[in-house]
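Enquirer: So that you have it, the file is work14.cif, and it contains mmCIF, C-alpha atoms:
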```
data_my_file
#
loop_
_atom_site.group_PDB
_atom_site.id
_atom_site.type_symbol
_atom_site.label_atom_id
_atom_site.label_comp_id
_atom_site.auth_asym_id
_atom_site.auth_seq_id
_atom_site.Cartn_x
_atom_site.Cartn_y
_atom_site.Cartn_z
ATOM 1 C CA MET A 136 38.329 80.275 309.142
ATOM 2 C CA TRP A 137 39.374 83.598 310.530
ATOM 3 C CA ALA A 138 43.035 82.667 310.027
ATOM 4 C CA TYR A 139 42.503 82.409 306.275
ATOM 5 C CA GLU A 140 40.790 85.792 306.243
ATOM 6 C CA ILE A 141 43.929 87.321 307.740
ATOM 7 C CA PHE A 142 46.528 85.237 305.887
ATOM 8 C CA ILE A 143 45.206 85.800 302.362
ATOM 9 C CA PRO A 144 45.349 89.679 302.469
ATOM 10 C CA VAL A 145 48.790 89.543 304.102
ATOM 11 C CA ALA A 146 50.032 87.137 301.465
ATOM 12 C CA ILE A 147 48.686 89.370 298.699
ATOM 13 C CA VAL A 148 50.424 92.433 300.155
ATOM 14 C CA VAL A 149 53.699 90.545 300.587
ATOM 15 C CA GLY A 150 53.443 89.169 297.051
ATOM 16 C CA ILE A 151 52.844 92.647 295.613
ATOM 17 C CA GLY A 152 55.794 93.945 297.606
ATOM 18 C CA LEU A 153 58.083 91.220 296.320
ATOM 19 C CA LEU A 154 56.927 91.771 292.752
ATOM 20 C CA LEU A 155 57.509 95.529 292.981
ATOM 21 C CA GLY A 156 60.904 94.914 294.541
ATOM 22 C CA ILE A 157 61.909 92.673 291.653
ATOM 23 C CA VAL A 158 60.635 95.226 289.129
ATOM 24 C CA LEU A 159 62.575 98.057 290.829
ATOM 25 C CA ALA A 160 65.726 95.947 290.987
ATOM 26 C CA ILE A 161 65.514 95.159 287.283
ATOM 27 C CA ALA A 162 64.796 98.835 286.487
ATOM 28 C CA ALA A 163 67.803 99.918 288.564
ATOM 29 C CA ILE A 164 70.043 97.583 286.585
ATOM 30 C CA ILE A 165 68.653 98.666 283.211
ATOM 31 C CA LEU A 166 68.593 102.396 283.984
ATOM 32 C CA ARG A 167 71.846 102.489 285.933
ATOM 33 C CA VAL A 168 74.070 105.391 284.957
ATOM 34 C CA PRO A 169 77.750 104.422 284.815
ATOM 35 C CA VAL A 170 79.748 106.130 287.580
ATOM 36 C CA ASP A 171 83.185 107.480 286.772
ATOM 37 C CA GLU A 172 85.278 106.424 289.738
ATOM 38 C CA ARG A 173 87.773 109.166 288.878
ATOM 39 C CA VAL A 174 85.288 111.807 290.056
ATOM 40 C CA GLU A 175 85.769 110.816 293.693
ATOM 41 C CA SER A 176 89.530 110.831 293.234
ATOM 42 C CA VAL A 177 89.431 114.326 291.749
ATOM 43 C CA LYS A 178 87.147 115.518 294.551
ATOM 44 C CA GLU A 179 89.722 114.334 297.069
ATOM 45 C CA ILE A 180 92.378 116.376 295.280
ATOM 46 C CA LEU A 181 90.308 119.570 295.147
ATOM 47 C CA PRO A 182 90.331 121.763 298.296
ATOM 48 C CA GLY A 183 86.602 121.279 298.927
ATOM 49 C CA VAL A 184 85.765 124.919 299.645
ATOM 50 C CA ASN A 185 83.016 124.972 296.986
ATOM 51 C CA CYS A 186 83.767 128.624 296.235
ATOM 52 C CA GLY A 187 82.682 128.492 292.601
ATOM 53 C CA ALA A 188 85.769 130.349 291.370
ATOM 54 C CA CYS A 189 86.149 127.664 288.684
ATOM 55 C CA GLY A 190 82.767 128.621 287.233
ATOM 56 C CA TYR A 191 81.004 125.458 288.394
ATOM 57 C CA SER A 192 78.543 124.860 291.216
ATOM 58 C CA GLY A 193 81.258 123.539 293.504
ATOM 59 C CA CYS A 194 84.086 121.039 293.740
ATOM 60 C CA THR A 195 81.792 118.148 292.812
ATOM 61 C CA GLY A 196 80.531 119.912 289.701
ATOM 62 C CA TYR A 197 84.064 120.821 288.648
ATOM 63 C CA ALA A 198 85.307 117.267 289.278
ATOM 64 C CA GLU A 199 82.524 115.808 287.147
ATOM 65 C CA ALA A 200 83.202 118.298 284.347
ATOM 66 C CA LEU A 201 86.930 117.529 284.442
ATOM 67 C CA CYS A 202 86.342 113.792 284.155
ATOM 68 C CA LYS A 203 83.900 114.290 281.283
ATOM 69 C CA GLY A 204 86.367 116.506 279.467
ATOM 70 C CA ASP A 205 84.005 119.473 279.628
ATOM 71 C CA ALA A 206 86.275 121.627 281.820
ATOM 72 C CA ALA A 207 89.885 122.649 281.611
ATOM 73 C CA ASN A 208 92.379 121.866 284.309
ATOM 74 C CA GLY A 209 93.768 124.919 286.080
ATOM 75 C CA LEU A 210 90.511 126.630 287.039
ATOM 76 C CA CYS A 211 90.806 125.929 290.769
ATOM 77 C CA ALA A 212 92.329 129.106 292.174
ATOM 78 C CA PRO A 213 92.442 127.981 295.827
ATOM 79 C CA GLY A 214 94.185 124.758 294.852
ATOM 80 C CA GLY A 215 96.846 126.471 292.781
ATOM 81 C CA THR A 216 99.664 124.670 291.030
ATOM 82 C CA GLU A 217 99.695 121.771 293.489
ATOM 83 C CA VAL A 218 96.129 120.770 292.610
ATOM 84 C CA ILE A 219 96.815 121.285 288.903
ATOM 85 C CA GLY A 220 99.755 118.911 289.084
ATOM 86 C CA LYS A 221 97.829 116.186 290.911
ATOM 87 C CA ILE A 222 94.878 116.389 288.509
ATOM 88 C CA THR A 223 97.230 116.244 285.532
ATOM 89 C CA GLU A 224 98.863 113.168 287.029
ATOM 90 C CA LEU A 225 95.468 111.519 287.524
ATOM 91 C CA LEU A 226 93.688 112.493 284.310
ATOM 92 C CA GLY A 227 96.658 113.027 282.039
ATOM 93 C CA GLY A 228 97.305 115.959 279.745
ATOM 94 C CA ASP A 229 100.061 118.488 279.267
ATOM 95 C CA PRO A 230 101.508 120.357 282.262
ATOM 96 C CA ILE A 231 99.631 123.592 282.951
ATOM 97 C CA SER A 232 100.860 126.720 284.683
ATOM 98 C CA MET A 233 98.572 129.057 286.597
ATOM 99 C CA THR A 234 99.095 132.772 286.966
ATOM 100 C CA PRO A 235 98.545 133.470 290.668
ATOM 101 C CA LYS A 236 95.872 136.023 291.491
ATOM 102 C CA VAL A 237 94.692 137.645 294.673
ATOM 103 C CA ALA A 238 91.694 139.687 295.715
ATOM 104 C CA MET A 239 92.103 143.424 296.174
ATOM 105 C CA VAL A 240 89.754 146.013 297.649
ATOM 106 C CA MET A 241 89.601 148.846 295.139
ATOM 107 C CA CYS A 242 89.026 151.594 297.666
ATOM 108 C CA ASN A 243 91.144 153.759 299.913
ATOM 109 C CA GLY A 244 88.252 155.728 301.335
ATOM 110 C CA THR A 245 89.349 155.878 304.957
ATOM 111 C CA PRO A 246 87.621 158.406 307.260
ATOM 112 C CA GLU A 247 90.217 161.089 306.567
ATOM 113 C CA HIS A 248 89.483 160.845 302.840
ATOM 114 C CA THR A 249 85.708 160.576 302.685
ATOM 115 C CA ALA A 250 83.066 161.824 305.080
ATOM 116 C CA THR A 251 79.855 160.158 306.163
ATOM 117 C CA LYS A 252 76.400 161.393 305.226
ATOM 118 C CA MET A 253 74.569 159.793 308.134
ATOM 119 C CA ASP A 254 75.065 158.170 311.528
ATOM 120 C CA TYR A 255 74.272 154.532 310.844
ATOM 121 C CA GLN A 256 72.827 152.692 313.860
ATOM 122 C CA GLY A 257 71.641 149.537 312.117
ATOM 123 C CA ILE A 258 72.928 145.977 311.895
ATOM 124 C CA PRO A 259 76.761 145.979 311.721
ATOM 125 C CA SER A 260 76.821 144.452 308.259
ATOM 126 C CA CYS A 261 77.865 145.822 304.876
ATOM 127 C CA SER A 262 74.833 144.231 303.211
ATOM 128 C CA ALA A 263 72.461 145.818 305.729
ATOM 129 C CA ALA A 264 74.141 149.230 305.563
ATOM 130 C CA ALA A 265 74.128 149.194 301.755
ATOM 131 C CA MET A 266 70.336 149.017 301.803
ATOM 132 C CA MET A 267 70.235 152.377 303.587
ATOM 133 C CA SER A 268 70.759 154.759 300.670
ATOM 134 C CA GLY A 269 73.878 152.868 299.620
ATOM 135 C CA GLY A 270 75.591 153.193 302.987
ATOM 136 C CA MET A 271 76.766 155.920 305.293
ATOM 137 C CA GLN A 272 79.688 157.264 303.246
ATOM 138 C CA ASN A 273 79.275 160.220 300.911
ATOM 139 C CA CYS A 274 80.947 158.176 298.187
ATOM 140 C CA GLN A 275 78.536 155.529 296.962
ATOM 141 C CA TYR A 276 81.482 153.345 295.898
ATOM 142 C CA ALA A 277 83.270 153.383 299.259
ATOM 143 C CA CYS A 278 84.052 150.328 301.369
ATOM 144 C CA LEU A 279 81.514 150.153 304.188
ATOM 145 C CA GLY A 280 84.006 148.595 306.562
ATOM 146 C CA PHE A 281 81.813 146.214 308.560
ATOM 147 C CA GLY A 282 83.749 143.172 307.408
ATOM 148 C CA ASP A 283 81.264 140.957 305.572
ATOM 149 C CA CYS A 284 84.248 139.934 303.448
ATOM 150 C CA VAL A 285 86.227 139.167 306.600
ATOM 151 C CA ASN A 286 83.489 136.875 307.868
ATOM 152 C CA VAL A 287 83.200 134.910 304.634
ATOM 153 C CA CYS A 288 86.945 134.431 304.083
ATOM 154 C CA GLU A 289 88.062 130.957 305.142
ATOM 155 C CA TYR A 290 91.768 131.772 304.904
ATOM 156 C CA ASP A 291 92.077 134.685 307.339
ATOM 157 C CA ALA A 292 93.251 136.834 304.444
ATOM 158 C CA ILE A 293 91.200 139.971 305.080
ATOM 159 C CA SER A 294 91.269 142.542 307.854
ATOM 160 C CA VAL A 295 89.539 145.877 308.298
ATOM 161 C CA ILE A 296 91.996 148.711 308.818
ATOM 162 C CA ASN A 297 90.748 152.217 309.491
ATOM 163 C CA ASN A 298 87.263 151.255 308.242
ATOM 164 C CA VAL A 299 88.496 149.838 304.926
ATOM 165 C CA ALA A 300 88.994 146.134 304.159
ATOM 166 C CA VAL A 301 92.536 145.110 303.244
ATOM 167 C CA VAL A 302 93.591 141.776 301.708
ATOM 168 C CA ASN A 303 96.836 140.112 302.755
ATOM 169 C CA PRO A 304 98.162 138.446 299.572
ATOM 170 C CA ALA A 305 100.150 135.935 301.619
ATOM 171 C CA ASN A 306 96.923 134.229 302.712
ATOM 172 C CA CYS A 307 94.595 134.952 299.796
ATOM 173 C CA THR A 308 93.762 131.999 297.524
ATOM 174 C CA ALA A 309 91.613 133.941 295.020
ATOM 175 C CA CYS A 310 88.581 131.844 295.904
ATOM 176 C CA THR A 311 86.325 134.864 295.091
ATOM 177 C CA MET A 312 84.101 134.383 298.151
ATOM 178 C CA CYS A 313 84.753 137.966 299.278
ATOM 179 C CA ILE A 314 83.991 139.255 295.788
ATOM 180 C CA LYS A 315 80.580 137.592 295.854
ATOM 181 C CA GLU A 316 79.869 138.848 299.383
ATOM 182 C CA CYS A 317 80.735 142.529 298.860
ATOM 183 C CA PRO A 318 77.508 144.517 298.266
ATOM 184 C CA LYS A 319 79.455 147.399 296.717
ATOM 185 C CA ASN A 320 81.278 145.229 294.131
ATOM 186 C CA ILE A 321 84.602 146.878 294.876
ATOM 187 C CA ILE A 322 86.703 143.726 295.398
ATOM 188 C CA LYS A 323 88.467 142.457 292.286
ATOM 189 C CA LEU A 324 90.997 139.791 291.370
ATOM 190 C CA VAL A 325 94.387 141.081 290.255
ATOM 191 C CA THR A 326 97.469 139.285 288.985
ATOM 192 C CA LEU A 327 99.993 138.648 291.739
ATOM 193 C CA LYS A 328 102.852 140.762 290.398
ATOM 194 C CA GLU A 329 104.504 144.098 290.851
ATOM 195 C CA GLN A 330 102.192 146.566 289.148
ATOM 196 C CA ALA A 331 100.342 149.839 289.455
ATOM 197 C CA VAL A 332 96.733 149.603 290.616
ATOM 198 C CA ILE A 333 93.852 152.056 290.865
ATOM 199 C CA ARG A 334 92.649 152.029 294.471
ATOM 200 C CA CYS A 335 89.289 153.424 293.497
ATOM 201 C CA SER A 336 85.961 152.222 292.098
ATOM 202 C CA ASN A 337 84.261 155.586 291.626
ATOM 203 C CA HIS A 338 82.559 156.041 288.250
ATOM 204 C CA ASP A 339 81.213 159.527 288.911
ATOM 205 C CA LYS A 340 82.455 162.509 286.951
ATOM 206 C CA GLY A 341 85.477 164.298 288.367
ATOM 207 C CA ALA A 342 83.554 167.201 289.904
ATOM 208 C CA ALA A 343 81.213 164.848 291.732
ATOM 209 C CA THR A 344 84.091 162.644 292.911
ATOM 210 C CA ASN A 345 85.945 165.645 294.323
ATOM 211 C CA LYS A 346 82.966 166.387 296.546
ATOM 212 C CA THR A 347 82.847 162.911 298.071
ATOM 213 C CA CYS A 348 86.446 161.664 298.309
ATOM 214 C CA SER A 349 89.859 163.309 298.364
ATOM 215 C CA VAL A 350 91.571 160.235 296.883
ATOM 216 C CA GLY A 351 88.994 159.298 294.249
ATOM 217 C CA CYS A 352 89.897 158.981 290.578
ATOM 218 C CA ILE A 353 88.703 162.022 288.602
ATOM 219 C CA ALA A 354 89.624 160.642 285.170
ATOM 220 C CA CYS A 355 92.018 163.530 284.569
ATOM 221 C CA MET A 356 93.932 161.518 281.909
ATOM 222 C CA LYS A 357 97.345 162.422 283.361
ATOM 223 C CA CYS A 358 98.173 158.763 284.014
ATOM 224 C CA VAL A 359 97.107 157.836 280.489
ATOM 225 C CA LYS A 360 99.338 160.489 278.939
ATOM 226 C CA VAL A 361 102.419 159.666 281.008
ATOM 227 C CA CYS A 362 102.289 155.880 280.496
ATOM 228 C CA GLU A 363 104.827 154.796 277.876
ATOM 229 C CA TYR A 364 103.420 151.281 277.628
ATOM 230 C CA ASP A 365 99.805 152.018 276.693
ATOM 231 C CA ALA A 366 98.743 150.242 279.885
ATOM 232 C CA ILE A 367 96.128 152.741 281.093
ATOM 233 C CA LYS A 368 92.800 153.857 279.697
ATOM 234 C CA ILE A 369 89.725 155.617 280.997
ATOM 235 C CA GLU A 370 86.449 153.704 281.124
ATOM 236 C CA ASN A 371 83.289 155.259 282.502
ATOM 237 C CA PHE A 372 85.220 158.052 284.268
ATOM 238 C CA LEU A 373 87.642 155.647 285.960
ATOM 239 C CA ALA A 374 91.249 154.807 285.067
ATOM 240 C CA ILE A 375 91.833 151.139 284.236
ATOM 241 C CA ILE A 376 95.294 149.556 284.216
ATOM 242 C CA ASP A 377 96.157 146.545 282.056
ATOM 243 C CA SER A 378 98.359 144.424 284.330
ATOM 244 C CA ASP A 379 99.817 142.538 281.361
ATOM 245 C CA LYS A 380 101.220 145.776 279.941
ATOM 246 C CA CYS A 381 102.131 147.461 283.231
ATOM 247 C CA THR A 382 105.837 147.414 284.097
ATOM 248 C CA ALA A 383 105.478 149.008 287.535
ATOM 249 C CA CYS A 384 107.623 151.936 286.408
ATOM 250 C CA GLY A 385 105.730 154.218 288.791
ATOM 251 C CA ALA A 386 105.256 157.112 286.366
ATOM 252 C CA CYS A 387 101.471 157.077 286.786
ATOM 253 C CA VAL A 388 101.839 156.991 290.572
ATOM 254 C CA ASP A 389 104.011 160.096 290.521
ATOM 255 C CA VAL A 390 101.680 162.093 288.271
ATOM 256 C CA CYS A 391 98.341 161.193 289.857
ATOM 257 C CA PRO A 392 96.965 164.327 291.592
ATOM 258 C CA LYS A 393 94.616 162.308 293.801
ATOM 259 C CA ASP A 394 97.097 159.683 295.018
ATOM 260 C CA CYS A 395 94.667 156.914 294.074
ATOM 261 C CA ILE A 396 97.279 154.961 292.077
ATOM 262 C CA THR A 397 99.684 152.863 294.087
ATOM 263 C CA LEU A 398 102.366 150.323 293.290
ATOM 264 C CA TYR A 399 101.145 146.908 294.362
ATOM 265 C CA THR A 400 103.604 144.516 295.904
ATOM 266 C CA SER A 401 103.071 140.819 296.380
ATOM 267 C CA GLU A 402 104.899 140.960 299.700
ATOM 268 C CA PRO A 403 102.671 140.177 302.708
ATOM 269 C CA ARG A 404 101.784 143.031 305.025
ATOM 270 C CA ASN A 405 101.255 142.935 308.760
ATOM 271 C CA VAL A 406 97.647 143.915 309.252
ATOM 272 C CA LYS A 407 95.629 144.337 312.415
ATOM 273 C CA GLU A 408 91.864 144.473 312.396
ATOM 274 C CA SER A 409 90.546 147.724 313.791
ATOM 275 C CA ARG A 410 86.895 147.083 313.163
ATOM 276 C CA SER A 411 84.935 143.958 312.298
ATOM 277 C CA ALA A 412 81.395 142.771 312.216
#
```
Starting from the coordinates I provided, produce the structure as structure tokens.

Expert:
Amino acid sequence: MWAYEIFIPVAIVVGIGLLLGIVLAIAAIILRVPVDERVESVKEILPGVNCGACGYSGCTGYAEALCKGDAANGLCAPGGTEVIGKITELLGGDPISMTPKVAMVMCNGTPEHTATKMDYQGIPSCSAAAMMSGGMQNCQYACLGFGDCVNVCEYDAISVINNVAVVNPANCTACTMCIKECPKNIIKLVTLKEQAVIRCSNHDKGAATNKTCSVGCIACMKCVKVCEYDAIKIENFLAIIDSDKCTACGACVDVCPKDCITLYTSEPRNVKESRSA
């Protein structure tokens, strides 16, 4: 008698389990979302760094968008032309060219150019230092030099030289990880070409800039007036150069009284880290 008392509840539980299993199996078949097998193939082509430079959440998100036709090929900066070609071969479409870009630290505020306002003794991190009144430099736009960008770069493209981060274009893939990491927002992407660049991010008025940095842009307009190609303008007290119009003639470099305009070369530089986090 006792055996029936045990068997019946067990049988009921097993029966319910089997019934639910059948229901779930049927539901899985009915509600199944078709999987595009091309997504995995595209993911294998992409570099897998999940940097987000393409504008999507990561390589998986970009691969899914590509296969759905919601994203354009050529958005993967780290992959470059090689990845573009492989994706074009897989998904079809017209050949696409990518204009190479690299990250650049828009600051030349080395210790001889800008003084410090305090002796920082905190965590050796740019993010931590930035929370202390914007950092230890007098210039609120200056590179803090602790190398948060160095730590986040997966391509060994950044070094800290004389307390200022420097990007080696030979290694940079324009993944934008350093741009996202910099608490001062002074790292930008620039076209990989011979051109003049403003090595400054200071948006203070000229008089204020003069007090904090000897190589800061003072928006004097001299570069604007001397440029024959209408490639330079002043925005919010800072000179801005249009790389598409710039011919690297060097006229703005020669006339700049603060030496904050330099001619950028795509040639790699030998850099040695003098200070890192």

Enquirer: Output the residue selection produced by the PyMOL selection byres ((chain A and resi 322-329) around 9) on the file above, formatted as an mmCIF file with C-alpha atoms, keeping the file's coordinate frame.

Expert:
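Here's the written file result-v4.cif:
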```
data_model
loop_
_atom_site.group_PDB
_atom_site.id
_atom_site.type_symbol
_atom_site.label_atom_id
_atom_site.label_comp_id
_atom_site.auth_asym_id
_atom_site.auth_seq_id
_atom_site.Cartn_x
_atom_site.Cartn_y
_atom_site.Cartn_z
ATOM 1 C CA THR A 234 99.095 132.772 286.966
ATOM 2 C CA PRO A 235 98.545 133.470 290.668
ATOM 3 C CA LYS A 236 95.872 136.023 291.491
ATOM 4 C CA VAL A 237 94.692 137.645 294.673
ATOM 5 C CA ALA A 238 91.694 139.687 295.715
ATOM 6 C CA MET A 239 92.103 143.424 296.174
ATOM 7 C CA VAL A 240 89.754 146.013 297.649
ATOM 8 C CA MET A 241 89.601 148.846 295.139
ATOM 9 C CA CYS A 242 89.026 151.594 297.666
ATOM 10 C CA PRO A 304 98.162 138.446 299.572
ATOM 11 C CA ALA A 309 91.613 133.941 295.020
ATOM 12 C CA THR A 311 86.325 134.864 295.091
ATOM 13 C CA CYS A 313 84.753 137.966 299.278
ATOM 14 C CA ILE A 314 83.991 139.255 295.788
ATOM 15 C CA LYS A 315 80.580 137.592 295.854
ATOM 16 C CA CYS A 317 80.735 142.529 298.860
ATOM 17 C CA LYS A 319 79.455 147.399 296.717
ATOM 18 C CA ASN A 320 81.278 145.229 294.131
ATOM 19 C CA ILE A 321 84.602 146.878 294.876
ATOM 20 C CA GLN A 330 102.192 146.566 289.148
ATOM 21 C CA ALA A 331 100.342 149.839 289.455
ATOM 22 C CA VAL A 332 96.733 149.603 290.616
ATOM 23 C CA SER A 378 98.359 144.424 284.330
ATOM 24 C CA ASP A 379 99.817 142.538 281.361
ATOM 25 C CA CYS A 381 102.131 147.461 283.231
ATOM 26 C CA THR A 382 105.837 147.414 284.097
ATOM 27 C CA ALA A 383 105.478 149.008 287.535
ATOM 28 C CA LEU A 398 102.366 150.323 293.290
ATOM 29 C CA TYR A 399 101.145 146.908 294.362
ATOM 30 C CA THR A 400 103.604 144.516 295.904
ATOM 31 C CA SER A 401 103.071 140.819 296.380
#
```

Enquirer: Can you work out the spacing between CA of Ser260 in chain A and CA of Val301 in chain A in Å, to one decimal?

Expert: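 It comes out at 16.5 Å.
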
Enquirer: Extract, using all atoms listed in the file, all DNA, RNA and protein residues at most 12 Å from Ala206 in chain A, discarding same-chain residues fewer than 6 positions from it, and format them as an MDAnalysis selection string.

Expert: chainID A and resid 189:191 196:200

Enquirer: Once the PyMOL selection byres ((chain A and resi 274) around 10) is applied to the coordinates I shared, what remains selected? I want it as a list in words.

Expert: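 Against this file, the PyMOL selection byres ((chain A and resi 274) around 10) returns the residues Gly244, Thr249, Ala250, Thr251, Lys252, Gly269, Gly270, Met271, Gln272, Asn273, Gln275, Tyr276, Ala277, Cys278, Ser336, Asn337, Asp339, Ala343, Thr344, Asn345, Lys346, Thr347, Cys348 and Gly351 of chain A.
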
Enquirer: Which residue, A:Lys360, A:Leu225, A:Asn208, A:Leu154, has the smallest gap to Val177 in chain A when you use all atoms listed in the file?

Expert: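 Answer, going by the shortest atom-to-atom distance: A:Leu225.
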
Enquirer: Give, as JSON, the centre coordinates and the x, y and z edge lengths in Å to one decimal for an axis-aligned box around all listed atoms of range 337-352 of chain A, padded by 8 Å on each side.

Expert:
```
{"center_x": 86.4, "center_y": 161.4, "center_z": 292.7, "size_x": 26.4, "size_y": 27.6, "size_z": 27.4}
```

Enquirer: Give as number ranges by chain the set of residues within 12 Å of the point (88.1, 115.7, 287.0), where distances use the file's coordinates and all atoms listed in the file.

Expert: A: 171-181, 194-211, 218-219, 221-228

Enquirer: Apply the PyMOL selection byres ((chain A and resi 375) around 10) to the file shown and report the selected residues as a ChimeraX atom specification.

Expert: /A:332-333,335-336,354,358-359,366-374,376-378

Enquirer: Choose the residue, out of A:Pro246, A:Gly282, A:Pro182, A:Gly187, that has the smallest atom-to-atom separation from Glu217 in chain A; count only C-alpha atoms.

Expert: A:Pro182

Enquirer: To one decimal place, how far is CA of Cys355 in chain A from CA of Ala386 in chain A in Å?

Expert: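 Result for CA of Cys355 in chain A versus CA of Ala386 in chain A: 14.8 Å, one decimal.
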
Enquirer: Pick from A:Asp283, A:Ala300, A:Ser349, A:Gln256: nearest to Glu316 in chain A, with all atoms listed in the file counted?

Expert: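 Of A:Asp283, A:Ala300, A:Ser349, A:Gln256, the one nearest Glu316 in chain A, counting all atoms listed in the file, is A:Asp283.
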
Enquirer: What would range 234-241 of chain A look like with all heavy atoms restored, written as a PDB file, keeping the file's coordinate frame?

Expert:
```
ATOM      1  N   THR A 234      98.646 131.457 286.534  1.00  0.00           N
ATOM      2  CA  THR A 234      99.095 132.772 286.966  1.00  0.00           C
ATOM      3  C   THR A 234      98.416 133.107 288.279  1.00  0.00           C
ATOM      4  O   THR A 234      97.192 133.235 288.326  1.00  0.00           O
ATOM      5  CB  THR A 234      98.745 133.849 285.917  1.00  0.00           C
ATOM      6  OG1 THR A 234      99.340 133.497 284.666  1.00  0.00           O
ATOM      7  CG2 THR A 234      99.255 135.205 286.360  1.00  0.00           C
ATOM      8  N   PRO A 235      99.162 133.214 289.362  1.00  0.00           N
ATOM      9  CA  PRO A 235      98.545 133.470 290.668  1.00  0.00           C
ATOM     10  C   PRO A 235      97.802 134.802 290.677  1.00  0.00           C
ATOM     11  O   PRO A 235      98.258 135.799 290.116  1.00  0.00           O
ATOM     12  CB  PRO A 235      99.742 133.506 291.631  1.00  0.00           C
ATOM     13  CG  PRO A 235     100.850 132.813 290.912  1.00  0.00           C
ATOM     14  CD  PRO A 235     100.626 133.093 289.466  1.00  0.00           C
ATOM     15  N   LYS A 236      96.652 134.797 291.325  1.00  0.00           N
ATOM     16  CA  LYS A 236      95.872 136.023 291.491  1.00  0.00           C
ATOM     17  C   LYS A 236      95.451 136.156 292.941  1.00  0.00           C
ATOM     18  O   LYS A 236      95.393 135.175 293.681  1.00  0.00           O
ATOM     19  CB  LYS A 236      94.645 136.014 290.576  1.00  0.00           C
ATOM     20  CG  LYS A 236      94.980 136.114 289.094  1.00  0.00           C
ATOM     21  CD  LYS A 236      93.725 136.293 288.249  1.00  0.00           C
ATOM     22  CE  LYS A 236      94.084 136.489 286.779  1.00  0.00           C
ATOM     23  NZ  LYS A 236      92.890 136.725 285.931  1.00  0.00           N
ATOM     24  N   VAL A 237      95.164 137.377 293.323  1.00  0.00           N
ATOM     25  CA  VAL A 237      94.692 137.645 294.673  1.00  0.00           C
ATOM     26  C   VAL A 237      93.566 138.667 294.604  1.00  0.00           C
ATOM     27  O   VAL A 237      93.434 139.412 293.625  1.00  0.00           O
ATOM     28  CB  VAL A 237      95.806 138.188 295.597  1.00  0.00           C
ATOM     29  CG1 VAL A 237      96.857 137.149 295.858  1.00  0.00           C
ATOM     30  CG2 VAL A 237      96.431 139.447 294.992  1.00  0.00           C
ATOM     31  N   ALA A 238      92.761 138.688 295.635  1.00  0.00           N
ATOM     32  CA  ALA A 238      91.694 139.687 295.715  1.00  0.00           C
ATOM     33  C   ALA A 238      92.276 141.012 296.196  1.00  0.00           C
ATOM     34  O   ALA A 238      93.249 141.041 296.953  1.00  0.00           O
ATOM     35  CB  ALA A 238      90.601 139.209 296.670  1.00  0.00           C
ATOM     36  N   MET A 239      91.675 142.095 295.744  1.00  0.00           N
ATOM     37  CA  MET A 239      92.103 143.424 296.174  1.00  0.00           C
ATOM     38  C   MET A 239      90.878 144.319 296.331  1.00  0.00           C
ATOM     39  O   MET A 239      89.984 144.310 295.487  1.00  0.00           O
ATOM     40  CB  MET A 239      93.074 144.043 295.168  1.00  0.00           C
ATOM     41  CG  MET A 239      93.522 145.446 295.540  1.00  0.00           C
ATOM     42  SD  MET A 239      94.694 146.138 294.330  1.00  0.00           S
ATOM     43  CE  MET A 239      96.107 145.090 294.622  1.00  0.00           C
ATOM     44  N   VAL A 240      90.846 145.074 297.416  1.00  0.00           N
ATOM     45  CA  VAL A 240      89.754 146.013 297.649  1.00  0.00           C
ATOM     46  C   VAL A 240      90.100 147.320 296.950  1.00  0.00           C
ATOM     47  O   VAL A 240      91.064 147.994 297.309  1.00  0.00           O
ATOM     48  CB  VAL A 240      89.540 146.250 299.154  1.00  0.00           C
ATOM     49  CG1 VAL A 240      88.377 147.214 299.379  1.00  0.00           C
ATOM     50  CG2 VAL A 240      89.265 144.924 299.861  1.00  0.00           C
ATOM     51  N   MET A 241      89.318 147.663 295.943  1.00  0.00           N
ATOM     52  CA  MET A 241      89.601 148.846 295.139  1.00  0.00           C
ATOM     53  C   MET A 241      88.992 150.087 295.781  1.00  0.00           C
ATOM     54  O   MET A 241      88.093 150.739 295.232  1.00  0.00           O
ATOM     55  CB  MET A 241      89.055 148.655 293.723  1.00  0.00           C
ATOM     56  CG  MET A 241      89.651 147.469 292.991  1.00  0.00           C
ATOM     57  SD  MET A 241      91.453 147.580 292.910  1.00  0.00           S
ATOM     58  CE  MET A 241      91.851 146.213 291.828  1.00  0.00           C
TER      59      MET A 241
END
```
